[in-house]
Every structure is written in structure tokens, then in C-alpha cells.
>>> print(open('input-v9.pdb').read())   # PDB, C-alpha atoms
ATOM      1  CA  MET A 191     129.467 131.674 109.531
ATOM      2  CA  GLU A 192     126.419 133.358 108.007
ATOM      3  CA  PRO A 193     126.928 134.505 104.387
ATOM      4  CA  GLU A 194     127.084 138.244 103.884
ATOM      5  CA  ARG A 195     123.717 139.912 103.348
ATOM      6  CA  THR A 196     124.298 142.658 100.801
ATOM      7  CA  GLU A 197     122.138 145.664  99.919
ATOM      8  CA  LYS A 198     121.297 143.884  96.663
ATOM      9  CA  THR A 199     120.097 140.834  98.604
ATOM     10  CA  ILE A 200     117.846 142.964 100.817
ATOM     11  CA  PHE A 201     116.504 144.812  97.762
ATOM     12  CA  ASN A 202     115.737 141.530  95.995
ATOM     13  CA  GLU A 203     113.894 140.229  99.067
ATOM     14  CA  LYS A 204     111.713 143.332  99.213
ATOM     15  CA  GLU A 205     111.227 143.431  95.454
ATOM     16  CA  ARG A 206     110.019 139.833  95.352
ATOM     17  CA  GLY A 207     108.007 140.125  98.535
ATOM     18  CA  ARG A 208     109.862 137.105  99.906
ATOM     19  CA  GLY A 209     111.869 138.478 102.763
ATOM     20  CA  PRO A 210     111.598 137.370 106.391
ATOM     21  CA  ASN A 211     107.846 138.110 106.299
ATOM     22  CA  HIS A 212     107.113 136.324 103.005
ATOM     23  CA  ALA A 213     103.728 134.724 102.437
ATOM     24  CA  GLY A 214     103.551 130.958 101.948
ATOM     25  CA  GLU A 215     105.915 128.134 102.758
ATOM     26  CA  PRO A 216     109.200 127.416 100.922
ATOM     27  CA  CYS A 217     109.225 124.369  98.662
ATOM     28  CA  LEU A 218     110.930 122.718  95.712
ATOM     29  CA  ILE A 219     108.937 121.521  92.684
ATOM     30  CA  VAL A 220     110.343 118.992  90.197
ATOM     31  CA  LEU A 221     110.238 120.504  86.682
ATOM     32  CA  THR A 222     112.200 117.856  84.751
ATOM     33  CA  GLY A 223     113.489 114.346  85.499
ATOM     34  CA  ASN A 224     111.743 111.671  87.541
ATOM     35  CA  ALA A 225     108.480 112.526  89.341
ATOM     36  CA  VAL A 226     107.742 115.732  87.426
ATOM     37  CA  GLY A 227     105.353 117.870  89.487
ATOM     38  CA  MET A 228     106.432 116.413  92.827
ATOM     39  CA  MET A 229     106.586 119.061  95.563
ATOM     40  CA  TYR A 230     108.971 118.945  98.528
ATOM     41  CA  LYS A 231     107.997 121.211 101.420
ATOM     42  CA  LEU A 232     111.021 122.688 103.161
ATOM     43  CA  THR A 233     110.257 122.424 106.855
ATOM     44  CA  GLY A 234     113.213 122.649 109.222
ATOM     45  CA  THR A 235     116.577 124.354 108.777
ATOM     46  CA  GLU A 236     118.705 122.002 106.643
ATOM     47  CA  TRP A 237     118.009 119.560 103.819
ATOM     48  CA  LEU A 238     120.344 117.067 102.153
ATOM     49  CA  ILE A 239     119.589 116.521  98.453
ATOM     50  CA  GLY A 240     120.895 113.432  96.712
ATOM     51  CA  ARG A 241     120.387 109.908  95.426
ATOM     52  CA  THR A 242     120.866 108.203  98.795
ATOM     53  CA  ARG A 243     117.712 106.971 100.509
ATOM     54  CA  GLU A 244     118.891 108.801 103.627
ATOM     55  CA  ALA A 245     118.622 112.189 101.903
ATOM     56  CA  ASP A 246     115.884 114.576 103.022
ATOM     57  CA  ILE A 247     115.087 115.074  99.338
ATOM     58  CA  CYS A 248     115.828 111.764  97.602
ATOM     59  CA  ILE A 249     115.914 111.966  93.804
ATOM     60  CA  GLU A 250     116.435 108.816  91.738
ATOM     61  CA  ASP A 251     118.641 110.110  88.953
ATOM     62  CA  PRO A 252     121.904 108.299  88.050
ATOM     63  CA  SER A 253     123.622 111.612  87.243
ATOM     64  CA  ILE A 254     122.986 112.900  90.782
ATOM     65  CA  SER A 255     125.524 112.077  93.483
ATOM     66  CA  ARG A 256     124.487 110.222  96.627
ATOM     67  CA  SER A 257     125.033 113.388  98.688
ATOM     68  CA  HIS A 258     124.777 116.006  95.972
ATOM     69  CA  ALA A 259     123.859 119.338  97.560
ATOM     70  CA  LYS A 260     122.604 120.930 100.761
ATOM     71  CA  LEU A 261     120.065 123.666 101.478
ATOM     72  CA  SER A 262     120.434 125.607 104.709
ATOM     73  CA  THR A 263     118.381 128.329 106.358
ATOM     74  CA  VAL A 264     120.172 131.267 107.940
ATOM     75  CA  LYS A 265     118.756 134.577 109.149
ATOM     76  CA  SER A 266     119.129 136.262 105.790
ATOM     77  CA  GLY A 267     117.500 133.530 103.724
ATOM     78  CA  LEU A 268     117.974 130.113 102.144
ATOM     79  CA  TYR A 269     121.378 129.048 100.842
ATOM     80  CA  LEU A 270     122.433 126.249  98.495
ATOM     81  CA  GLN A 271     125.786 124.487  98.642
ATOM     82  CA  ASP A 272     127.200 121.856  96.281
ATOM     83  CA  LEU A 273     128.753 118.914  98.166
ATOM     84  CA  ASN A 274     131.550 118.164  95.677
ATOM     85  CA  SER A 275     129.089 116.368  93.407
ATOM     86  CA  THR A 276     130.295 114.638  90.248
ATOM     87  CA  ASN A 277     128.126 116.571  87.792
ATOM     88  CA  GLY A 278     127.680 119.842  89.636
ATOM     89  CA  THR A 279     124.837 122.001  90.926
ATOM     90  CA  PHE A 280     123.551 124.966  88.924
ATOM     91  CA  VAL A 281     121.159 127.824  89.692
ATOM     92  CA  ASN A 282     119.659 129.403  86.582
ATOM     93  CA  GLU A 283     122.420 127.565  84.647
ATOM     94  CA  LYS A 284     125.241 129.160  86.668
ATOM     95  CA  LYS A 285     127.434 126.692  88.541
ATOM     96  CA  VAL A 286     127.190 126.910  92.320
ATOM     97  CA  THR A 287     130.459 127.523  94.157
ATOM     98  CA  GLY A 288     130.443 128.198  97.863
ATOM     99  CA  MET A 289     127.175 129.293  99.502
ATOM    100  CA  HIS A 290     124.612 130.583  97.013
ATOM    101  CA  GLN A 291     121.441 132.334  98.137
ATOM    102  CA  VAL A 292     118.344 131.117  96.324
ATOM    103  CA  SER A 293     115.385 133.343  95.498
ATOM    104  CA  ASP A 294     111.770 132.724  94.621
ATOM    105  CA  GLY A 295     111.560 131.330  91.075
ATOM    106  CA  ASP A 296     115.161 130.123  90.853
ATOM    107  CA  LYS A 297     115.695 126.920  88.858
ATOM    108  CA  ILE A 298     118.149 124.483  90.419
ATOM    109  CA  ARG A 299     119.700 121.874  88.124
ATOM    110  CA  LEU A 300     121.222 118.784  89.707
ATOM    111  CA  GLY A 301     123.305 116.542  87.471
ATOM    112  CA  ASP A 302     122.263 116.216  83.843
ATOM    113  CA  THR A 303     118.466 116.116  83.783
ATOM    114  CA  THR A 304     116.810 117.042  87.101
ATOM    115  CA  ILE A 305     115.622 120.636  87.507
ATOM    116  CA  LEU A 306     113.878 121.874  90.667
ATOM    117  CA  LYS A 307     112.105 125.193  91.044
ATOM    118  CA  PHE A 308     112.395 127.000  94.365
ATOM    119  CA  THR A 309     109.295 128.926  95.318
ATOM    120  CA  TYR A 310     106.904 129.836  98.119
ATOM    121  CA  GLN A 311     103.360 128.502  98.102
ATOM    122  CA  ASP A 312     100.356 129.217 100.260
ATOM    123  CA  GLU A 313      97.729 126.576 101.028
ATOM    124  CA  LEU A 314      95.713 127.309  97.880
ATOM    125  CA  GLU A 315      98.782 127.075  95.627
ATOM    126  CA  GLU A 316      99.941 123.949  97.430
ATOM    127  CA  ASN A 317      96.595 122.230  96.881
ATOM    128  CA  PHE A 318      96.651 123.234  93.219
ATOM    129  CA  GLN A 319     100.163 121.832  92.794
ATOM    130  CA  LYS A 320      99.109 118.588  94.479
ATOM    131  CA  HIS A 321      96.142 118.362  92.120
ATOM    132  CA  LEU A 322      98.442 118.775  89.100
ATOM    133  CA  TYR A 323     100.819 116.110  90.415
ATOM    134  CA  ASP A 324      98.008 113.673  91.186
ATOM    135  CA  SER A 325      96.495 114.238  87.734
ATOM    136  CA  ALA A 326      99.826 113.354  86.129
ATOM    137  CA  THR A 327     100.679 110.324  88.284
ATOM    138  CA  LYS A 328      97.422 108.844  89.644
ATOM    139  CA  ASP A 329      94.763 106.701  87.999
ATOM    140  CA  GLY A 330      91.469 108.582  87.878
ATOM    141  CA  LEU A 331      89.285 105.601  88.838
ATOM    142  CA  THR A 332      91.263 103.880  91.601
ATOM    143  CA  LYS A 333      93.381 106.844  92.830
ATOM    144  CA  ILE A 334      96.499 104.662  92.895
ATOM    145  CA  TYR A 335      99.540 105.345  90.679
ATOM    146  CA  ASN A 336      99.103 105.039  86.924
ATOM    147  CA  ARG A 337     101.087 103.080  84.329
ATOM    148  CA  LYS A 338     103.267 106.061  83.387
ATOM    149  CA  TYR A 339     104.390 106.548  86.983
ATOM    150  CA  PHE A 340     105.033 102.814  87.401
ATOM    151  CA  LEU A 341     107.261 102.727  84.310
ATOM    152  CA  GLU A 342     109.270 105.673  85.632
ATOM    153  CA  ARG A 343     109.658 104.115  89.077
ATOM    154  CA  ILE A 344     110.607 100.610  87.947
ATOM    155  CA  LYS A 345     113.527 102.100  86.001
ATOM    156  CA  SER A 346     114.889 103.944  89.040
ATOM    157  CA  GLU A 347     114.141 101.085  91.480
ATOM    158  CA  LEU A 348     115.830  98.509  89.239
ATOM    159  CA  THR A 349     118.855 100.750  88.744
ATOM    160  CA  PHE A 350     119.167 101.207  92.513
ATOM    161  CA  ALA A 351     118.732  97.486  93.271
ATOM    162  CA  ASN A 352     121.292  96.440  90.658
ATOM    163  CA  ARG A 353     123.790  99.040  91.839
ATOM    164  CA  HIS A 354     123.509  98.053  95.501
ATOM    165  CA  ARG A 355     122.879  94.324  94.924
ATOM    166  CA  THR A 356     119.597  94.390  96.846
ATOM    167  CA  CYS A 357     116.370  92.496  96.199
ATOM    168  CA  LEU A 358     113.453  93.954  94.268
ATOM    169  CA  SER A 359     110.190  92.155  93.548
ATOM    170  CA  MET A 360     107.585  93.069  90.959
ATOM    171  CA  VAL A 361     104.092  91.669  91.471
ATOM    172  CA  LEU A 362     101.716  91.675  88.494
ATOM    173  CA  PHE A 363      98.120  90.566  88.988
ATOM    174  CA  ASP A 364      94.787  90.808  87.263
ATOM    175  CA  VAL A 365      91.158  90.116  88.093
ATOM    176  CA  ASP A 366      89.933  86.662  87.081
ATOM    177  CA  HIS A 367      87.049  86.620  84.594
ATOM    178  CA  PHE A 368      86.715  90.404  84.723
ATOM    179  CA  LYS A 369      84.920  90.532  81.368
ATOM    180  CA  LYS A 370      82.279  88.193  82.771
ATOM    181  CA  ILE A 371      81.754  90.568  85.734
ATOM    182  CA  ASN A 372      81.217  93.476  83.318
ATOM    183  CA  ASP A 373      78.945  91.452  81.057
ATOM    184  CA  THR A 374      76.875  90.045  83.952
ATOM    185  CA  TYR A 375      76.538  93.070  86.231
ATOM    186  CA  GLY A 376      77.480  96.031  84.035
ATOM    187  CA  HIS A 377      80.503  98.346  83.804
ATOM    188  CA  PRO A 378      79.650 100.378  86.940
ATOM    189  CA  VAL A 379      80.028  97.148  88.935
ATOM    190  CA  GLY A 380      83.320  96.453  87.170
ATOM    191  CA  ASP A 381      84.555  99.908  88.216
ATOM    192  CA  PHE A 382      83.378  99.196  91.767
ATOM    193  CA  VAL A 383      85.424  95.957  91.798
ATOM    194  CA  LEU A 384      88.588  97.756  90.652
ATOM    195  CA  ARG A 385      88.179 100.472  93.288
ATOM    196  CA  SER A 386      87.460  97.887  96.013
ATOM    197  CA  ILE A 387      90.520  95.794  95.136
ATOM    198  CA  SER A 388      92.679  98.937  95.178
ATOM    199  CA  ASP A 389      91.390  99.814  98.654
ATOM    200  CA  LEU A 390      91.979  96.268  99.948
ATOM    201  CA  VAL A 391      95.560  96.151  98.686
ATOM    202  CA  ARG A 392      96.392  99.637  99.962
ATOM    203  CA  ARG A 393      95.583  98.458 103.492
ATOM    204  CA  ILE A 394      98.215  95.707 103.494
ATOM    205  CA  ILE A 395     101.187  97.294 101.700
ATOM    206  CA  ARG A 396     104.069  99.270 103.185
ATOM    207  CA  ILE A 397     104.419 103.011 102.682
ATOM    208  CA  GLU A 398     107.455 102.478 100.409
ATOM    209  CA  ASP A 399     105.695  99.968  98.150
ATOM    210  CA  VAL A 400     104.630 101.315  94.734
ATOM    211  CA  PHE A 401     101.086 100.203  93.829
ATOM    212  CA  SER A 402      99.848 101.026  90.325
ATOM    213  CA  ARG A 403      97.088 100.270  87.889
ATOM    214  CA  TYR A 404      98.924  98.848  84.887
ATOM    215  CA  GLY A 405      95.927  98.910  82.580
ATOM    216  CA  GLY A 406      92.377  97.595  82.462
ATOM    217  CA  GLU A 407      92.059  95.012  85.250
ATOM    218  CA  GLU A 408      95.851  94.591  85.677
ATOM    219  CA  PHE A 409      97.759  95.944  88.675
ATOM    220  CA  THR A 410     101.428  96.069  89.663
ATOM    221  CA  LEU A 411     103.388  96.353  92.889
ATOM    222  CA  LEU A 412     107.076  97.160  93.368
ATOM    223  CA  LEU A 413     108.374  95.703  96.632
ATOM    224  CA  ARG A 414     111.766  97.104  97.592
ATOM    225  CA  GLY A 415     114.111  94.786  99.516
ATOM    226  CA  ILE A 416     111.739  91.801  99.250
ATOM    227  CA  ASN A 417     113.093  88.398  98.146
ATOM    228  CA  GLU A 418     111.339  85.532  96.361
ATOM    229  CA  LYS A 419     109.883  83.848  99.454
ATOM    230  CA  GLN A 420     108.748  87.107 101.055
ATOM    231  CA  ALA A 421     107.127  88.235  97.806
ATOM    232  CA  PHE A 422     105.248  84.937  97.513
ATOM    233  CA  ILE A 423     103.997  85.105 101.121
ATOM    234  CA  PHE A 424     102.793  88.680 100.628
ATOM    235  CA  SER A 425     101.161  87.927  97.268
ATOM    236  CA  ASP A 426      99.311  84.892  98.579
ATOM    237  CA  ARG A 427      98.085  86.908 101.556
ATOM    238  CA  MET A 428      96.840  89.545  99.117
ATOM    239  CA  ARG A 429      95.167  86.864  96.982
ATOM    240  CA  ARG A 430      93.378  85.375 100.018
ATOM    241  CA  THR A 431      92.318  88.829 101.231
ATOM    242  CA  ILE A 432      90.540  89.475  97.943
ATOM    243  CA  GLU A 433      89.129  85.952  97.701
ATOM    244  CA  ASN A 434      87.610  86.182 101.193
ATOM    245  CA  HIS A 435      86.207  89.676 100.753
ATOM    246  CA  VAL A 436      82.449  90.024 100.259
ATOM    247  CA  PHE A 437      81.799  92.272  97.261
ATOM    248  CA  GLN A 438      78.363  93.853  97.450
ATOM    249  CA  TRP A 439      76.833  96.181  94.886
ATOM    250  CA  GLN A 440      73.372  97.278  95.999
ATOM    251  CA  ALA A 441      71.498  93.966  96.542
ATOM    252  CA  THR A 442      74.007  91.878  94.581
ATOM    253  CA  VAL A 443      76.644  89.911  96.496
ATOM    254  CA  PHE A 444      79.456  88.132  94.649
ATOM    255  CA  SER A 445      83.077  87.004  95.021
ATOM    256  CA  VAL A 446      86.213  87.976  93.107
ATOM    257  CA  THR A 447      89.588  86.262  92.700
ATOM    258  CA  ILE A 448      92.921  87.289  91.201
ATOM    259  CA  SER A 449      95.858  85.577  89.483
ATOM    260  CA  VAL A 450      99.365  86.703  90.380
ATOM    261  CA  GLY A 451     102.807  86.546  88.771
ATOM    262  CA  ILE A 452     106.038  87.561  90.532
ATOM    263  CA  ALA A 453     109.478  88.488  89.187
ATOM    264  CA  THR A 454     112.269  89.004  91.720
ATOM    265  CA  LEU A 455     115.692  90.533  91.179
ATOM    266  CA  ASN A 456     117.848  88.283  93.332
ATOM    267  CA  LYS A 457     118.634  84.824  91.978
ATOM    268  CA  GLN A 458     117.260  86.007  88.660
ATOM    269  CA  ARG A 459     119.002  89.039  87.169
ATOM    270  CA  PHE A 460     117.291  91.737  85.095
ATOM    271  CA  GLU A 461     119.279  94.469  83.392
ATOM    272  CA  THR A 462     116.254  96.320  82.015
ATOM    273  CA  CYS A 463     112.771  96.991  83.302
ATOM    274  CA  GLU A 464     111.389  95.369  80.131
ATOM    275  CA  GLU A 465     113.037  92.075  81.128
ATOM    276  CA  MET A 466     111.523  92.224  84.599
ATOM    277  CA  ILE A 467     108.042  93.075  83.322
ATOM    278  CA  GLU A 468     108.212  90.232  80.786
ATOM    279  CA  ALA A 469     109.205  87.777  83.531
ATOM    280  CA  ALA A 470     106.331  88.838  85.805
ATOM    281  CA  ASP A 471     103.926  88.632  82.870
ATOM    282  CA  ALA A 472     105.145  85.106  82.041
ATOM    283  CA  TYR A 473     104.460  83.964  85.628
ATOM    284  CA  LEU A 474     101.033  85.616  85.517
ATOM    285  CA  TYR A 475     100.315  83.663  82.330
ATOM    286  CA  LYS A 476     101.275  80.445  84.155
ATOM    287  CA  ALA A 477      98.963  81.358  87.042
ATOM    288  CA  LYS A 478      96.039  81.879  84.692
ATOM    289  CA  ASN A 479      96.771  78.661  82.812
ATOM    290  CA  GLY A 480      97.158  76.833  86.121
ATOM    291  CA  GLY A 481      93.520  77.368  87.057
ATOM    292  CA  ARG A 482      93.555  81.031  88.174
ATOM    293  CA  ASN A 483      93.219  82.255  91.776
ATOM    294  CA  CYS A 484      96.849  81.360  92.478
ATOM    295  CA  VAL A 485     100.362  82.821  92.680
ATOM    296  CA  MET A 486     103.243  81.798  90.413
ATOM    297  CA  SER A 487     106.929  82.702  90.664
ATOM    298  CA  VAL A 488     110.378  81.183  90.242
ATOM    299  CA  LEU A 489     109.752  79.229  93.458
ATOM    300  CA  GLN A 490     107.172  77.025  91.725
ATOM    301  CA  THR A 491     109.445  76.318  88.750
ATOM    302  CA  GLU A 492     112.283  75.391  91.129
ATOM    303  CA  GLY A 493     109.977  72.990  92.971
TER
END
>>> encode(input="input-v9.pdb", output="C-alpha cells")
Amino acid sequence: MEPERTEKTIFNEKERGRGPNHAGEPCLIVLTGNAVGMMYKLTGTEWLIGRTREADICIEDPSISRSHAKLSTVKSGLYLQDLNSTNGTFVNEKKVTGMHQVSDGDKIRLGDTTILKFTYQDELEENFQKHLYDSATKDGLTKIYNRKYFLERIKSELTFANRHRTCLSMVLFDVDHFKKINDTYGHPVGDFVLRSISDLVRRIIRIEDVFSRYGGEEFTLLLRGINEKQAFIFSDRMRRTIENHVFQWQATVFSVTISVGIATLNKQRFETCEEMIEAADAYLYKAKNGGRNCVMSVLQTEG
């Protein structure tokens, strides 16, 4: 049954210029919590919001229920409904009960920390919002995710994997003898190498994999649902891809190799992201001490 459309509702639509003939497309923008600045475009008629990976709008926040709330489009506008969540749904800090119509500018709080802003954005505003999000989460040189984003994601991915007893692999690698490349060919060539490696890796990862520049010549990957053996096979394929690639800067042709360390939540258990990062870093150290241009993980220590 469609919620009642009151005179006040119609007045508010006209006042805000966001009635049936509003300009721009409806969307939600993350104001606080994980992935600040992320924009979710609301295309369709119904959207499930929650922590489950099956949600239309999946938000990794432990205080959000798996199926937390639902947005629905009816003739008179967009309505929000709480789905008996543990910590409640609030619009402008008022608890949602029943079907609540949302208006342009409303702030929707889910659980304890996540706040979304409902608004309409045209193409220009959408591009601006994307630019802000990319500036906050992407590395300026390589255009992959930055360290800050990686640290946010590893927390949520590790929490999810521990809760559901699923595998999670972290791959940490760096460029062998990168200082020598900079000293021999110059820093522009070093930047070219980092961009080229980023492009090569992007071509072989899955859409759900999180690829980040950790700092300097170090990179990280988060591989959801990937066990020790699968992570090793992928990492060695990545290593060989880079080793076999011909790097050419103007008339100069040279080769590049990487050393790789892997930590996998499966047989090994990690309660904190710091523990997992330390384990991957320890295996990377072994790879570098083992002659470089190789992959090290728990599989090698078991053997």
C-alpha cells in the first residue's frame, strides 16, 4: 500500500524542487564511517541496505545489521523502512518507524557510526563527487587505492572473514632494486615503472580484489575467499607477468622484478589487521633475503 501523500509532502517537494520532475538522479553519499565520499546511485525501485554482501548497498560496519534497512520508490517519492535492525535507522537523528519519506539533504544514520546523505545530483555534481572520492582514496601517481583506503578495507575484510570463517589473503610486494632504477635512469623512469606495474596487475585481478599502493615501491592486494595455495599461484603468475614484461622508456629498454610475501587467514589466524600486515611483511622479508624475484608464504615454511 502506498504511504499517504499529504499536503505537507507535496509542499516540501515543490519547495525543494525535487518532486516528480526533479533535476538529477537520486543517490546516497557516505558522510561518516567506512568509504567516506562513496556515492551510491539509486537506479531501480528498491534497494536493500546492510552488511550482507548480497545487499544492493553493502556497508562494512559491525554495528549495521546484515539486512538493516530498505529504500523503496513509490509514486509519491522515496521511502525508507527499518528491517528490525539491532541498532536502528535514523533520519536527521529521529528513529525510523514504519515507512518514512526521505527528502533531498536528509541524513540517514545506520547503526552507530555510518551516516549517508540522500540527495539528487546531475552529471556535473556526480563527476565532482567522484573526483572528491578519488582524491581521498586513490594514489595520485598510479590511480590505484592508497594506503589509507587499504587500512580501512583490511579492517572490514578481516572482520568479515573472521566472522564467517572464510579465507582472506593479503599479498604484499615491492619492486626489487628500485633505488637503483631511480639512481640509474632518474625519478621519472621510477614513476613510469610504478605506473606500469599498477597497469599490469590491474589486468589480472578480479573486480572484488583490493589493489593499493602501500607506500613508495610497495603494493598490497586483498584477495577475498582465496586460500594459501590459490594466493601463491596468483602471486607467482603476477611475479612472472612483471618479470617477462618489456619496460621501455624512450630508447631505454630494461627489466623489472618483484618480491612477494603472502599472509592468509585460514590455517593461520589473525585477530587484528596489524597481525596480518606483520605476517605478510615477514614473508616479504624472507623473499628478499632468499634472492628476490620470488614468492614466500606459509607454504614454503611448511615444506
>>> closest_residue(input="input-v9.pdb", among="A:Lys457, A:Arg353, A:Arg429, A:Lys333", to="Thr242 (chain A)", atoms="all atoms listed in the file")
A:Arg353
>>> resolve_selection(input="input-v9.pdb", expression="the PyMOL selection byres ((chain A and resi 486) around 6)", output="number ranges by chain")
A: 451, 473, 477, 485, 487
>>> residues_around(input="input-v9.pdb", residues="Phe340 (chain A)", least_positions_apart="4", cutoff="9 Å", atoms="only C-alpha atoms", output="PyMOL selection string")
chain A and resi 327+335-336+344-345+400-404+410-412
>>> residues_near_point(input="input-v9.pdb", point="(111.0, 131.1, 95.1)", cutoff="6 Å", atoms="all atoms listed in the file", output="PDB file with C-alpha atoms, keeping the file's coordinate frame")
ATOM      1  CA  SER A 293     115.385 133.343  95.498  1.00  0.00           C
ATOM      2  CA  ASP A 294     111.770 132.724  94.621  1.00  0.00           C
ATOM      3  CA  GLY A 295     111.560 131.330  91.075  1.00  0.00           C
ATOM      4  CA  PHE A 308     112.395 127.000  94.365  1.00  0.00           C
ATOM      5  CA  THR A 309     109.295 128.926  95.318  1.00  0.00           C
ATOM      6  CA  TYR A 310     106.904 129.836  98.119  1.00  0.00           C
TER       7      TYR A 310
END
>>> closest_residue(input="input-v9.pdb", among="A:Ala225, A:Leu358, A:Val365, A:Met428", to="Arg392 (chain A)", atoms="only C-alpha atoms")
A:Met428
>>> atom_distance(input="input-v9.pdb", atom1="CA of Val436 (chain A)", atom2="CA of Ala421 (chain A)")
24.9 Å
>>> residues_around(input="input-v9.pdb", residues="Thr304 (chain A)", least_positions_apart="5", cutoff="10 Å", atoms="only C-alpha atoms", output="VMD selection string")
chain A and resid 220 to 226 249 to 251 253 to 254 298 to 299
>>> write_last_selection(input="input-v9.pdb", atoms="C-alpha atoms", output="PDB file, keeping the file's coordinate frame")
ATOM      1  CA  VAL A 220     110.343 118.992  90.197  1.00  0.00           C
ATOM      2  CA  LEU A 221     110.238 120.504  86.682  1.00  0.00           C
ATOM      3  CA  THR A 222     112.200 117.856  84.751  1.00  0.00           C
ATOM      4  CA  GLY A 223     113.489 114.346  85.499  1.00  0.00           C
ATOM      5  CA  ASN A 224     111.743 111.671  87.541  1.00  0.00           C
ATOM      6  CA  ALA A 225     108.480 112.526  89.341  1.00  0.00           C
ATOM      7  CA  VAL A 226     107.742 115.732  87.426  1.00  0.00           C
ATOM      8  CA  ILE A 249     115.914 111.966  93.804  1.00  0.00           C
ATOM      9  CA  GLU A 250     116.435 108.816  91.738  1.00  0.00           C
ATOM     10  CA  ASP A 251     118.641 110.110  88.953  1.00  0.00           C
ATOM     11  CA  SER A 253     123.622 111.612  87.243  1.00  0.00           C
ATOM     12  CA  ILE A 254     122.986 112.900  90.782  1.00  0.00           C
ATOM     13  CA  ILE A 298     118.149 124.483  90.419  1.00  0.00           C
ATOM     14  CA  ARG A 299     119.700 121.874  88.124  1.00  0.00           C
TER      15      ARG A 299
END
>>> residues_around(input="input-v9.pdb", residues="Lys297 (chain A)", least_positions_apart="3", cutoff="7 Å", atoms="all atoms listed in the file", output="list in words")
Val281, Asn282, Ile305, Leu306, Lys307 and Phe308 of chain A
>>> resolve_selection(input="input-v9.pdb", expression="the PyMOL selection byres ((chain A and resi 468) around 12)", output="number ranges by chain")
A: 360-362, 451-454, 460, 462-467, 469-475
>>> atom_distance(input="input-v9.pdb", atom1="CA of Thr349 (chain A)", atom2="CA of Phe280 (chain A)")
24.7 Å
>>> closest_residue(input="input-v9.pdb", among="A:Ser386, A:Thr276, A:Ser425, A:Asn417", to="Gln438 (chain A)", atoms="all atoms listed in the file")
A:Ser386
>>> atom_distance(input="input-v9.pdb", atom1="CA of Phe318 (chain A)", atom2="CA of Gly214 (chain A)")
13.5 Å
>>> closest_residue(input="input-v9.pdb", among="A:Phe368, A:Phe350, A:Trp439, A:Phe424", to="Glu461 (chain A)", atoms="only C-alpha atoms")
A:Phe350
>>> resolve_selection(input="input-v9.pdb", expression="the PyMOL selection byres ((chain A and resi 379) around 12)", output="short mmCIF file (atom, residue, chain, number, x, y, z; two decimals) with C-alpha atoms, in the frame of the given file")
data_model
loop_
_atom_site.label_atom_id
_atom_site.label_comp_id
_atom_site.auth_asym_id
_atom_site.auth_seq_id
_atom_site.Cartn_x
_atom_site.Cartn_y
_atom_site.Cartn_z
CA PHE A 368 86.72 90.40 84.72
CA LYS A 369 84.92 90.53 81.37
CA LYS A 370 82.28 88.19 82.77
CA ILE A 371 81.75 90.57 85.73
CA ASN A 372 81.22 93.48 83.32
CA ASP A 373 78.94 91.45 81.06
CA THR A 374 76.88 90.04 83.95
CA TYR A 375 76.54 93.07 86.23
CA GLY A 376 77.48 96.03 84.04
CA HIS A 377 80.50 98.35 83.80
CA PRO A 378 79.65 100.38 86.94
CA GLY A 380 83.32 96.45 87.17
CA ASP A 381 84.56 99.91 88.22
CA PHE A 382 83.38 99.20 91.77
CA VAL A 383 85.42 95.96 91.80
CA LEU A 384 88.59 97.76 90.65
CA ARG A 385 88.18 100.47 93.29
CA SER A 386 87.46 97.89 96.01
CA PHE A 437 81.80 92.27 97.26
CA GLN A 438 78.36 93.85 97.45
CA TRP A 439 76.83 96.18 94.89
CA GLN A 440 73.37 97.28 96.00
CA ALA A 441 71.50 93.97 96.54
CA THR A 442 74.01 91.88 94.58
CA VAL A 443 76.64 89.91 96.50
CA PHE A 444 79.46 88.13 94.65
CA VAL A 446 86.21 87.98 93.11
#
>>> residues_around(input="input-v9.pdb", residues="Val264 (chain A)", least_positions_apart="3", cutoff="8 Å", atoms="all atoms listed in the file", output="list in words")
Glu192, Thr235, Gly267, Leu268 and Tyr269 of chain A
>>> build_atoms(input="input-v9.pdb", residues="region 220-230 of chain A", atoms="N, CA, C and O atoms", output="mmCIF file, in the coordinates of the input")
data_model
loop_
_atom_site.group_PDB
_atom_site.id
_atom_site.type_symbol
_atom_site.label_atom_id
_atom_site.label_comp_id
_atom_site.auth_asym_id
_atom_site.auth_seq_id
_atom_site.Cartn_x
_atom_site.Cartn_y
_atom_site.Cartn_z
ATOM 1 N N VAL A 220 109.595 119.655 91.268
ATOM 2 C CA VAL A 220 110.343 118.992 90.197
ATOM 3 C C VAL A 220 109.791 119.428 88.844
ATOM 4 O O VAL A 220 108.614 119.202 88.545
ATOM 5 N N LEU A 221 110.645 120.052 88.024
ATOM 6 C CA LEU A 221 110.238 120.504 86.682
ATOM 7 C C LEU A 221 110.594 119.498 85.603
ATOM 8 O O LEU A 221 109.839 119.296 84.649
ATOM 9 N N THR A 222 111.781 118.876 85.716
ATOM 10 C CA THR A 222 112.200 117.856 84.751
ATOM 11 C C THR A 222 112.880 116.714 85.494
ATOM 12 O O THR A 222 113.382 116.889 86.599
ATOM 13 N N GLY A 223 112.916 115.532 84.866
ATOM 14 C CA GLY A 223 113.489 114.346 85.499
ATOM 15 C C GLY A 223 112.402 113.422 85.995
ATOM 16 O O GLY A 223 111.269 113.450 85.507
ATOM 17 N N ASN A 224 112.733 112.570 86.964
ATOM 18 C CA ASN A 224 111.743 111.671 87.541
ATOM 19 C C ASN A 224 110.756 112.445 88.414
ATOM 20 O O ASN A 224 111.107 113.437 89.043
ATOM 21 N N ALA A 225 109.523 111.966 88.463
ATOM 22 C CA ALA A 225 108.480 112.526 89.341
ATOM 23 C C ALA A 225 108.226 114.002 89.068
ATOM 24 O O ALA A 225 108.181 114.829 89.988
ATOM 25 N N VAL A 226 108.056 114.347 87.792
ATOM 26 C CA VAL A 226 107.742 115.732 87.426
ATOM 27 C C VAL A 226 106.460 116.169 88.139
ATOM 28 O O VAL A 226 105.463 115.459 88.148
ATOM 29 N N GLY A 227 106.502 117.352 88.754
ATOM 30 C CA GLY A 227 105.353 117.870 89.487
ATOM 31 C C GLY A 227 105.398 117.599 90.971
ATOM 32 O O GLY A 227 104.641 118.196 91.740
ATOM 33 N N MET A 228 106.303 116.713 91.400
ATOM 34 C CA MET A 228 106.432 116.413 92.827
ATOM 35 C C MET A 228 106.874 117.662 93.577
ATOM 36 O O MET A 228 107.728 118.415 93.121
ATOM 37 N N MET A 229 106.253 117.895 94.759
ATOM 38 C CA MET A 229 106.586 119.061 95.563
ATOM 39 C C MET A 229 107.194 118.625 96.887
ATOM 40 O O MET A 229 106.664 117.736 97.558
ATOM 41 N N TYR A 230 108.315 119.214 97.250
ATOM 42 C CA TYR A 230 108.971 118.945 98.528
ATOM 43 C C TYR A 230 108.848 120.193 99.403
ATOM 44 O O TYR A 230 109.401 121.248 99.073
#
